[in-house]
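One structure is given here, and the rest of the page talks about it.
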2 protein chains.
Amino acid sequence: MVQLALSRRLRRTAFSDGVEAAGVKAYTVYNHMLLPTVFRSVEEDYRHLKEAVQIWDVAVERQVELRGPDAGRLLQMLTPRDLRGMLPGQCYYVPIVDETGGMLNDPVAVKLSEDRYWISIADSDLLYWVKGIAYGYRLDVLVDEPDISPLAVQGPKADDLMASVFGDGVRDIRFFRFGVYQFQGRDLVIARSGYSKQGGFEIYVEGSDIGMPLWNALFEAGKPMDVHAGCPNLIERIEGGLLSYGNDMTDDNTPHECGLGRFCNTQTAIGCIGRDALLRVAKEGPVQQVRAISIAGDKVPSCDRWWPLVAGGRKVGRVSSAAWSPDFNTNVAIGMVRMTHWDDGTDITVEAPDGLRPATVHETFWL
Amino acid sequence: MVQLALSRRLRRTAFSDGVEAAGVKAYTVYNHMLLPTVFRSVEEDYRHLKEAVQIWDVAVERQVELRGPDAGRLLQMLTPRDLRGMLPGQCYYVPIVDETGGMLNDPVAVKLSEDRYWISIADSDLLYWVKGIAYGYRLDVLVDEPDISPLAVQGPKADDLMASVFGDGVRDIRFFRFGVYQFQGRDLVIARSGYSKQGGFEIYVEGSDIGMPLWNALFEAGKPMDVHAGCPNLIERIEGGLLSYGNDMTDDNTPHECGLGRFCNTQTAIGCIGRDALLRVAKEGPVQQVRAISIAGDKVPSCDRWWPLVAGGRKVGRVSSAAWSPDFNTNVAIGMVRMTHWDDGTDITVEAPDGLRPATVHETFWL
């Protein structure tokens, strides 16, 4: 790892004071904001995430708010997922594509009411695209980034911790649904969602001023559950096949290449900007696709650039994320693989920075 | 400083191998890419920049290319600067604003021909805004991010170094003009520009494959001139009043607040998206504006968040960038100050993290 030079441009969050007090060891930068990546060690954080409960500062999931009579129409323009069945109280994972079908972001949309949505974004300034489209089409909608800082509670004991702060009602929130709960007299949207496979919630903390009071209340209540500060865990998210925009996909990729075809209702998503391009892709299918890949040998080095995948002397793809998995006793990885080599069990070679390693393509992820 | 966790999402540049070999000590992240911030020390780099010549990896200045019959019309939609007088071969600093007059970026536009421009961007995904507008207005223009990596040569000996690699012709390039020069049989756009006040050039390296060959050629040729790897220098850029998007201004600010009113020809910039909002600002003037601020006392800590400026018990602004200046023997800073306190010589107080310090507002920067 290298040093990160801090400046105001790399924005602190509503929880940064708590993150620092909890002993954050490293950050990444995400949406021009600080995102913790390690507290104790990636392996210790991983073990603890799977056994207890963690509080994650994911304020970097900035919200793009759409408000006004054209909010629903605008959201449908942005995504090939058919939104007609989406109800207030639901969260939808929505691939966002440009006019060529290239992925601009892969956020979760939150429907607050018929004319109000939040788009909880991955690492790109989606606000600029949405504002540009809204302006170009003269839509009757307000688009901005409100003062909302998501805080995630993840892990098998997440329900117990959340119930102790917000009441037992939170236990009834269904997956990708949300409810509104009170903290210090303020209404907060709480969804059952999060960037792990261990279960949990995301609290949309509206108003930075209650960020640290809520952080502290959760840590206080979580003491009996061995609560710790955590963050999206590299190992756990690869095991679970949770993609990372900018790592595992870019605007060069279609949703179908990213294995997100099930979120594309290209025939019926009328108004979607990328519809024409994606109808073509949906018909012919992608020629490369995201796959789980196991890599032989000892723990791989940090994957800070694409590692080529080769077979028969030709490039057949690339690895974009990789880590040693203690639970599966292998290096787990996410890569993009050409159709000639994407079948389950195909043996290929990865050009890792420390040399060639045997690798195997898998149809499904580990968890 | 803290640790930076690397991943593919924080893109390496065409020169990262050279930057690492030169002993980079810290990075920041800029346009989802690694930007060096220190080699020897900020103070040593500063002294050397003012006395010799440095090679800077500024590949983070990504290019948004506009190509097609509507390229010029689109660029004028983006900025309040009147572009009618802009000729091929010229570079223009162009504030980019949204429909409210809020700054989205402060890039340099490069006019290659009547129907082709590059926009060399600061830290925001301007590509998304430009694509959204082009799509919404159905303009006849291609908008994308080509494989172009700017490399800056800055310092008083920049002319000598550049002449030794590209020939004496480069000495004749005028400020904010460019010419096309050859390197290894490839045409490269070279402009007299850069993010320092020490003079120099920016080479628009088209094609990542020639990045390291050019880097190495410049270092080889620069040996007699004591060439070193460098980077935008915090102290020098504050002394010179070079603003940093995300630090000294955000989308909350108008160009007039940023002291960029001289780049706004709001009356005649017909087609500019923010024109209506800015006509109002141009008429009434801003109520706060960027100012040079000297801060008393020893070397200030790292300015990683806005520091409030107060006077008479009220908040009158904020400091966004600050550093100790060896040459001016004071802490130099950039801040936004309300009109009640922006006159030259006004004494105010800054709430620095290590306590209250006296500060003075200045009409002009140090260099």
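As shown in the structure tokens, the chain order sets the letters A, B, ...; within each chain, residues go from 1, and ligands are also counted from 1 in the order they appear.
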Which chain A residues have any atom within 6 Å of an atom of chain B, and for each, what is the nearest pair of atoms with distance in Å to one decimal, counting only C-alpha atoms, rows sorted by chain and number, as a Markdown table?
```
| residue | atom | partner | partner_atom | distance |
| --- | --- | --- | --- | --- |
| A:Met1 | CA | B:Ala5 | CA | 5.9 |
| A:Val2 | CA | B:Leu4 | CA | 5.4 |
| A:Gln3 | CA | B:Gln3 | CA | 4.5 |
| A:Leu4 | CA | B:Leu4 | CA | 5.0 |
| A:Ala5 | CA | B:Thr28 | CA | 5.4 |
| A:Leu6 | CA | B:Asp304 | CA | 5.5 |
| A:Ser7 | CA | B:Asp304 | CA | 4.0 |
| A:Arg8 | CA | B:Asp304 | CA | 4.3 |
| A:Arg9 | CA | B:Gly246 | CA | 4.4 |
| A:Ala26 | CA | B:Gln3 | CA | 4.6 |
| A:Tyr27 | CA | B:Leu4 | CA | 5.2 |
| A:Thr28 | CA | B:Ala5 | CA | 5.4 |
| A:Asp125 | CA | B:Asp125 | CA | 5.5 |
| A:Tyr128 | CA | B:Trp129 | CA | 4.5 |
| A:Trp129 | CA | B:Tyr128 | CA | 4.5 |
| A:Gly132 | CA | B:Gly132 | CA | 4.3 |
| A:Ile133 | CA | B:Gly132 | CA | 4.9 |
| A:Gly136 | CA | B:Gly136 | CA | 3.9 |
| A:Tyr137 | CA | B:Gly136 | CA | 5.5 |
| A:Gly246 | CA | B:Arg9 | CA | 4.4 |
| A:Asn247 | CA | B:Arg9 | CA | 4.6 |
| A:Cys303 | CA | B:Ser7 | CA | 5.9 |
| A:Asp304 | CA | B:Ser7 | CA | 4.0 |
| A:Arg305 | CA | B:Arg8 | CA | 4.4 |
```
Same residues, N, CA and C atoms, output as a tab-separated table (two decimals), in the first residue's frame:
```
chain	number	residue	atom	x	y	z
A	1	MET	N	0.84	-1.19	0.00
A	1	MET	CA	0.00	0.00	0.00
A	1	MET	C	0.88	1.25	0.00
A	2	VAL	N	0.29	2.34	-0.47
A	2	VAL	CA	1.00	3.61	-0.51
A	2	VAL	C	0.26	4.62	0.34
A	3	GLN	N	0.85	5.80	0.49
A	3	GLN	CA	0.24	6.85	1.29
A	3	GLN	C	-0.82	7.60	0.47
A	4	LEU	N	-1.87	8.01	1.16
A	4	LEU	CA	-2.90	8.84	0.55
A	4	LEU	C	-2.75	10.26	1.08
A	5	ALA	N	-2.57	11.20	0.16
A	5	ALA	CA	-2.48	12.61	0.56
A	5	ALA	C	-3.90	13.16	0.70
A	6	LEU	N	-4.24	13.62	1.87
A	6	LEU	CA	-5.61	14.10	2.12
A	6	LEU	C	-5.78	15.55	1.65
A	7	SER	N	-6.97	15.87	1.25
A	7	SER	CA	-7.33	17.25	0.93
A	7	SER	C	-8.84	17.34	1.02
A	8	ARG	N	-9.36	18.55	1.01
A	8	ARG	CA	-10.81	18.71	1.15
A	8	ARG	C	-11.55	18.02	0.00
A	9	ARG	N	-10.92	17.98	-1.17
A	9	ARG	CA	-11.53	17.38	-2.37
A	9	ARG	C	-11.91	15.92	-2.14
A	26	ALA	N	-6.79	1.83	6.38
A	26	ALA	CA	-6.61	2.28	4.99
A	26	ALA	C	-7.94	2.75	4.43
A	27	TYR	N	-7.81	3.66	3.47
A	27	TYR	CA	-8.97	4.17	2.75
A	27	TYR	C	-8.81	3.88	1.26
A	28	THR	N	-9.95	3.88	0.57
A	28	THR	CA	-9.95	4.11	-0.85
A	28	THR	C	-10.75	5.40	-1.06
A	125	ASP	N	-19.82	9.88	-11.28
A	125	ASP	CA	-20.68	11.05	-11.05
A	125	ASP	C	-21.97	10.92	-11.85
A	128	TYR	N	-24.24	13.85	-12.95
A	128	TYR	CA	-24.00	14.65	-14.15
A	128	TYR	C	-24.79	14.10	-15.35
A	129	TRP	N	-24.82	12.79	-15.49
A	129	TRP	CA	-25.58	12.17	-16.58
A	129	TRP	C	-27.08	12.44	-16.39
A	132	GLY	N	-27.94	16.01	-17.03
A	132	GLY	CA	-27.83	16.31	-18.47
A	132	GLY	C	-29.06	15.82	-19.23
A	133	ILE	N	-29.49	14.60	-18.91
A	133	ILE	CA	-30.67	14.04	-19.58
A	133	ILE	C	-31.93	14.84	-19.20
A	136	GLY	N	-31.74	18.14	-20.99
A	136	GLY	CA	-31.89	18.00	-22.44
A	136	GLY	C	-33.32	17.69	-22.84
A	137	TYR	N	-34.01	16.92	-22.03
A	137	TYR	CA	-35.40	16.56	-22.32
A	137	TYR	C	-36.41	17.50	-21.66
A	246	GLY	N	-16.08	-0.08	-11.92
A	246	GLY	CA	-14.73	0.49	-12.03
A	246	GLY	C	-13.68	-0.60	-11.88
A	247	ASN	N	-14.00	-1.62	-11.10
A	247	ASN	CA	-13.12	-2.80	-11.03
A	247	ASN	C	-13.58	-3.84	-12.05
A	303	CYS	N	-4.66	-6.92	-6.39
A	303	CYS	CA	-5.05	-6.81	-7.82
A	303	CYS	C	-5.34	-5.34	-8.13
A	304	ASP	N	-4.30	-4.60	-8.46
A	304	ASP	CA	-4.47	-3.16	-8.68
A	304	ASP	C	-4.54	-2.79	-10.16
A	305	ARG	N	-4.57	-3.81	-11.01
A	305	ARG	CA	-4.76	-3.59	-12.44
A	305	ARG	C	-5.31	-4.89	-13.02
```
Any idea what's packed within 8 Å of Asp70 (chain A), counting only C-alpha atoms, ignoring anything in its chain fewer than 6 positions away? Could you give it as a list of chain:residue names?
-> A:Asp115, A:Leu139, A:Asp140, A:Val141
Generate a file of the selected residues that holds C-alpha atoms, formatted as a PDB file, in the first residue's frame.
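And here is the file that came out, again20.pdb:
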```
ATOM      1  CA  ASP A 115     -42.770  11.204  -7.672  1.00  0.00           C
ATOM      2  CA  LEU A 139     -38.256  17.092 -17.803  1.00  0.00           C
ATOM      3  CA  ASP A 140     -40.290  18.374 -14.913  1.00  0.00           C
ATOM      4  CA  VAL A 141     -38.024  17.006 -12.201  1.00  0.00           C
TER       5      VAL A 141
END
```
Find the residues around region 333-342 of chain A up to 7 Å (only C-alpha atoms counted), leave out those fewer than 6 positions away in its own chain, and share them as a ChimeraX atom specification.
-> /A:238,248,287-294,316-323,361
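Summary of the local environment: counting only C-alpha atoms, residues at most 9 Å from Thr79 (chain B), other than itself and those fewer than 5 positions away along its chain, are Val94, Pro95, Ile96, Val97, Asp98, Cys264, Ala269, Gly271, Cys272, Ile273, Gly274 and Arg275 of chain B.
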Would you put the residues from that selection into a file with N, CA and C atoms, as a compact mmCIF listing (two decimals), in the first residue's frame?
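See part_24.txt below for the written result:
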```
# COMPACT_ATOMS: atom_id res chain seq x y z
N VAL B 94 -12.01 27.20 -19.70
CA VAL B 94 -13.47 27.36 -19.84
C VAL B 94 -14.21 26.84 -18.60
N PRO B 95 -14.72 27.76 -17.75
CA PRO B 95 -15.59 27.30 -16.67
C PRO B 95 -16.78 26.57 -17.29
N ILE B 96 -17.14 25.43 -16.71
CA ILE B 96 -18.30 24.67 -17.20
C ILE B 96 -19.38 24.78 -16.13
N VAL B 97 -20.57 25.19 -16.54
CA VAL B 97 -21.64 25.39 -15.55
C VAL B 97 -22.90 24.64 -15.93
N ASP B 98 -23.70 24.33 -14.91
CA ASP B 98 -25.01 23.72 -15.14
C ASP B 98 -26.05 24.83 -15.30
N CYS B 264 -16.20 34.80 -18.23
CA CYS B 264 -17.63 34.72 -18.50
C CYS B 264 -18.05 35.90 -19.36
N ALA B 269 -22.38 34.90 -24.81
CA ALA B 269 -22.21 33.44 -24.90
C ALA B 269 -23.56 32.79 -25.16
N GLY B 271 -26.39 30.45 -26.12
CA GLY B 271 -26.47 28.99 -26.15
C GLY B 271 -25.98 28.36 -24.87
N CYS B 272 -25.23 29.14 -24.07
CA CYS B 272 -24.71 28.58 -22.81
C CYS B 272 -25.87 28.20 -21.88
N ILE B 273 -25.81 26.99 -21.39
CA ILE B 273 -26.89 26.44 -20.57
C ILE B 273 -27.13 27.25 -19.30
N GLY B 274 -26.07 27.78 -18.71
CA GLY B 274 -26.22 28.51 -17.45
C GLY B 274 -26.41 30.00 -17.63
N ARG B 275 -26.66 30.42 -18.88
CA ARG B 275 -26.65 31.86 -19.18
C ARG B 275 -27.67 32.64 -18.36
```
Proximity of region 11-109 of chain A to region 213-231 of chain A: per-residue shortest pair, 9 Å limit, only C-alpha atoms, as JSON lines:
```
{"residue": "A:Phe15", "atom": "CA", "partner": "A:Trp215", "partner_atom": "CA", "distance": 7.1}
{"residue": "A:Gly18", "atom": "CA", "partner": "A:Trp215", "partner_atom": "CA", "distance": 7.1}
{"residue": "A:Val19", "atom": "CA", "partner": "A:Ala229", "partner_atom": "CA", "distance": 7.1}
{"residue": "A:Ala22", "atom": "CA", "partner": "A:Ala229", "partner_atom": "CA", "distance": 6.4}
{"residue": "A:Gly23", "atom": "CA", "partner": "A:Ala229", "partner_atom": "CA", "distance": 8.7}
{"residue": "A:Val24", "atom": "CA", "partner": "A:Ala229", "partner_atom": "CA", "distance": 8.4}
{"residue": "A:Leu35", "atom": "CA", "partner": "A:Cys231", "partner_atom": "CA", "distance": 8.0}
{"residue": "A:Pro36", "atom": "CA", "partner": "A:Cys231", "partner_atom": "CA", "distance": 6.1}
{"residue": "A:Thr37", "atom": "CA", "partner": "A:Cys231", "partner_atom": "CA", "distance": 5.9}
{"residue": "A:Val38", "atom": "CA", "partner": "A:Cys231", "partner_atom": "CA", "distance": 7.0}
{"residue": "A:Phe39", "atom": "CA", "partner": "A:Gly230", "partner_atom": "CA", "distance": 6.5}
{"residue": "A:Arg40", "atom": "CA", "partner": "A:Gly230", "partner_atom": "CA", "distance": 8.9}
{"residue": "A:Asp45", "atom": "CA", "partner": "A:Gly230", "partner_atom": "CA", "distance": 6.5}
{"residue": "A:Tyr46", "atom": "CA", "partner": "A:Gly230", "partner_atom": "CA", "distance": 8.9}
{"residue": "A:His48", "atom": "CA", "partner": "A:His228", "partner_atom": "CA", "distance": 8.2}
{"residue": "A:Leu49", "atom": "CA", "partner": "A:Gly230", "partner_atom": "CA", "distance": 7.6}
{"residue": "A:Ala52", "atom": "CA", "partner": "A:Asp226", "partner_atom": "CA", "distance": 6.4}
{"residue": "A:Val53", "atom": "CA", "partner": "A:Val227", "partner_atom": "CA", "distance": 5.2}
{"residue": "A:Gln54", "atom": "CA", "partner": "A:His228", "partner_atom": "CA", "distance": 5.0}
{"residue": "A:Ile55", "atom": "CA", "partner": "A:Ala229", "partner_atom": "CA", "distance": 4.9}
{"residue": "A:Trp56", "atom": "CA", "partner": "A:Cys231", "partner_atom": "CA", "distance": 4.9}
{"residue": "A:Asp57", "atom": "CA", "partner": "A:Cys231", "partner_atom": "CA", "distance": 6.8}
{"residue": "A:Val58", "atom": "CA", "partner": "A:Cys231", "partner_atom": "CA", "distance": 7.6}
```
Name the residues in contact with Asn331 (chain B) at a cut-off of 8 Å, using only C-alpha atoms, excluding same-chain residues fewer than 6 positions from it; report them as an NGL selection string.
-> :B and (294-300 or 322-325)
Close residues, region 206-212 of chain B itself excluded, 12 Å, only C-alpha atoms, min 3 positions apart in chain, as a PDB file with C-alpha atoms, in the first residue's frame:
```pdb
ATOM      1  CA  ARG B  12      -2.909   3.520 -13.122  1.00  0.00           C
ATOM      2  CA  THR B  13      -1.640   5.830 -15.841  1.00  0.00           C
ATOM      3  CA  ALA B  14       0.603   5.435 -18.870  1.00  0.00           C
ATOM      4  CA  PHE B  15       3.427   6.764 -16.668  1.00  0.00           C
ATOM      5  CA  SER B  16       2.785   4.985 -13.339  1.00  0.00           C
ATOM      6  CA  ASP B  17       5.756   2.664 -13.816  1.00  0.00           C
ATOM      7  CA  GLY B  18       8.014   5.702 -14.154  1.00  0.00           C
ATOM      8  CA  VAL B  19       6.397   7.468 -11.225  1.00  0.00           C
ATOM      9  CA  GLU B  20       7.006   4.461  -8.982  1.00  0.00           C
ATOM     10  CA  ALA B  21      10.596   4.058 -10.150  1.00  0.00           C
ATOM     11  CA  ASP B  57       2.325  12.603 -14.698  1.00  0.00           C
ATOM     12  CA  VAL B  58      -0.927  14.511 -15.157  1.00  0.00           C
ATOM     13  CA  ALA B  59      -2.677  11.764 -17.089  1.00  0.00           C
ATOM     14  CA  ARG B  62      -8.633  13.018 -18.834  1.00  0.00           C
ATOM     15  CA  GLN B  63      -9.820  14.302 -22.181  1.00  0.00           C
ATOM     16  CA  TRP B 118     -10.514  18.151 -26.382  1.00  0.00           C
ATOM     17  CA  GLU B 145     -12.694   9.682 -23.500  1.00  0.00           C
ATOM     18  CA  PRO B 146      -9.830   8.872 -25.895  1.00  0.00           C
ATOM     19  CA  ASP B 147      -6.537   7.231 -24.858  1.00  0.00           C
ATOM     20  CA  ILE B 148      -4.708  10.498 -24.224  1.00  0.00           C
ATOM     21  CA  SER B 149      -2.429  11.009 -21.232  1.00  0.00           C
ATOM     22  CA  PRO B 150      -1.133  14.510 -20.599  1.00  0.00           C
ATOM     23  CA  LEU B 151       2.463  14.753 -19.418  1.00  0.00           C
ATOM     24  CA  VAL B 180       2.060  19.330 -33.302  1.00  0.00           C
ATOM     25  CA  TYR B 181       5.482  17.705 -32.890  1.00  0.00           C
ATOM     26  CA  GLN B 182       6.840  14.265 -33.569  1.00  0.00           C
ATOM     27  CA  PHE B 183       8.122  11.632 -31.196  1.00  0.00           C
ATOM     28  CA  GLN B 184       9.073   8.197 -32.489  1.00  0.00           C
ATOM     29  CA  GLY B 185       7.144   8.889 -35.652  1.00  0.00           C
ATOM     30  CA  ARG B 186       3.960   9.858 -33.835  1.00  0.00           C
ATOM     31  CA  ASP B 187       2.269  13.258 -33.871  1.00  0.00           C
ATOM     32  CA  LEU B 188       1.803  14.785 -30.435  1.00  0.00           C
ATOM     33  CA  VAL B 189      -0.042  17.949 -29.481  1.00  0.00           C
ATOM     34  CA  ILE B 190       2.192  20.118 -27.284  1.00  0.00           C
ATOM     35  CA  ILE B 203       2.222  17.069 -23.964  1.00  0.00           C
ATOM     36  CA  TRP B 215       8.944   9.582 -20.069  1.00  0.00           C
ATOM     37  CA  ASN B 216      12.358   7.904 -20.371  1.00  0.00           C
ATOM     38  CA  ALA B 217      13.487  10.113 -23.264  1.00  0.00           C
ATOM     39  CA  LEU B 218      12.669  13.251 -21.271  1.00  0.00           C
ATOM     40  CA  PHE B 219      14.551  12.023 -18.212  1.00  0.00           C
TER      41      PHE B 219
END
```
In region 107-250 of chain B, DSSP strand (DSSP E) residues written as a short mmCIF file (atom, residue, chain, number, x, y, z; two decimals) with C-alpha atoms, in the first residue's frame:
```
data_model
loop_
_atom_site.label_atom_id
_atom_site.label_comp_id
_atom_site.auth_asym_id
_atom_site.auth_seq_id
_atom_site.Cartn_x
_atom_site.Cartn_y
_atom_site.Cartn_z
CA VAL B 108 -8.89 23.76 -20.51
CA ALA B 109 -10.43 23.29 -23.95
CA VAL B 110 -8.11 22.56 -26.86
CA LYS B 111 -9.39 23.41 -30.35
CA LEU B 112 -7.88 20.95 -32.80
CA SER B 113 -10.04 21.99 -35.75
CA ARG B 116 -12.84 18.68 -33.05
CA TYR B 117 -12.04 19.69 -29.45
CA TRP B 118 -10.51 18.15 -26.38
CA ILE B 119 -11.68 19.21 -22.93
CA SER B 120 -8.85 18.56 -20.46
CA LEU B 142 -19.27 12.08 -30.89
CA VAL B 143 -18.35 12.41 -27.22
CA ASP B 144 -15.86 10.07 -25.59
CA ILE B 148 -4.71 10.50 -24.22
CA SER B 149 -2.43 11.01 -21.23
CA PRO B 150 -1.13 14.51 -20.60
CA LEU B 151 2.46 14.75 -19.42
CA ALA B 152 3.60 18.13 -18.10
CA VAL B 153 7.11 19.57 -18.24
CA GLN B 154 7.26 22.47 -15.76
CA PHE B 178 -0.22 24.42 -29.16
CA GLY B 179 1.66 22.88 -32.03
CA VAL B 180 2.06 19.33 -33.30
CA TYR B 181 5.48 17.71 -32.89
CA GLN B 182 6.84 14.27 -33.57
CA PHE B 183 8.12 11.63 -31.20
CA ARG B 186 3.96 9.86 -33.84
CA ASP B 187 2.27 13.26 -33.87
CA LEU B 188 1.80 14.78 -30.43
CA VAL B 189 -0.04 17.95 -29.48
CA ILE B 190 2.19 20.12 -27.28
CA ALA B 191 0.77 23.20 -25.56
CA GLY B 200 6.31 24.94 -19.22
CA PHE B 201 4.39 22.61 -21.45
CA GLU B 202 1.75 19.93 -21.53
CA ILE B 203 2.22 17.07 -23.96
CA TYR B 204 -1.00 15.30 -24.96
CA VAL B 205 0.40 11.79 -25.28
CA GLU B 206 -1.93 9.97 -27.65
CA HIS B 228 13.23 15.24 -11.48
CA ALA B 229 9.83 13.69 -11.33
CA GLY B 230 7.36 16.15 -9.88
#
```
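If only C-alpha atoms are the atoms counted, then among B:Leu260, B:Met162, B:Ala352, B:Ala359 the closest residue to Arg81 (chain B) is B:Leu260.
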Among region 193-361 of chain B, which ones does DSSP place in helix (DSSP H, G or I), written as an NGL selection string?
-> :B and (208-225 or 234-239 or 261-263 or 275-284 or 339-341)
Since we have the selection now, will you write its residues out, keeping C-alpha atoms, as a compact mmCIF listing (two decimals), in the first residue's frame?
```
# COMPACT_ATOMS: atom_id res chain seq x y z
CA SER B 208 -0.52 4.76 -23.81
CA ASP B 209 2.12 2.62 -25.51
CA ILE B 210 4.44 5.60 -26.03
CA GLY B 211 3.97 6.88 -22.48
CA MET B 212 7.04 5.25 -20.93
CA PRO B 213 9.29 5.73 -23.99
CA LEU B 214 8.57 9.47 -23.87
CA TRP B 215 8.94 9.58 -20.07
CA ASN B 216 12.36 7.90 -20.37
CA ALA B 217 13.49 10.11 -23.26
CA LEU B 218 12.67 13.25 -21.27
CA PHE B 219 14.55 12.02 -18.21
CA GLU B 220 17.56 11.03 -20.31
CA ALA B 221 17.65 14.40 -22.09
CA GLY B 222 17.07 16.28 -18.84
CA LYS B 223 20.02 14.91 -16.88
CA PRO B 224 22.19 18.02 -17.44
CA MET B 225 19.26 20.16 -16.24
CA LEU B 234 0.48 22.40 -3.09
CA ILE B 235 2.59 25.36 -1.96
CA GLU B 236 3.38 26.71 -5.40
CA ARG B 237 -0.18 26.45 -6.68
CA ILE B 238 -1.57 28.31 -3.66
CA GLU B 239 1.05 31.05 -4.00
CA GLY B 261 -15.83 36.39 -14.00
CA ARG B 262 -13.26 37.42 -16.63
CA PHE B 263 -13.88 34.09 -18.38
CA ARG B 275 -26.65 31.86 -19.18
CA ASP B 276 -29.93 32.90 -17.57
CA ALA B 277 -28.68 32.19 -14.06
CA LEU B 278 -25.34 33.89 -14.68
CA LEU B 279 -26.84 37.01 -16.23
CA ARG B 280 -28.44 37.55 -12.84
CA VAL B 281 -25.13 36.98 -11.04
CA ALA B 282 -23.23 39.22 -13.48
CA LYS B 283 -25.72 42.00 -12.79
CA GLU B 284 -25.76 41.79 -9.01
CA MET B 339 -18.23 40.54 0.66
CA THR B 340 -18.41 42.11 4.11
CA HIS B 341 -14.85 40.95 4.73
```
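Going from CA of Gly259 (chain B) to CA of Glu43 (chain B) covers 27.5 Å.
Atom to atom, CA of Gln198 (chain A) and CA of Pro156 (chain A) stand 5.9 Å apart.
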Work out how far CA of Met103 (chain B) is from CA of His256 (chain B), in Å to one decimal.
-> 9.9 Å
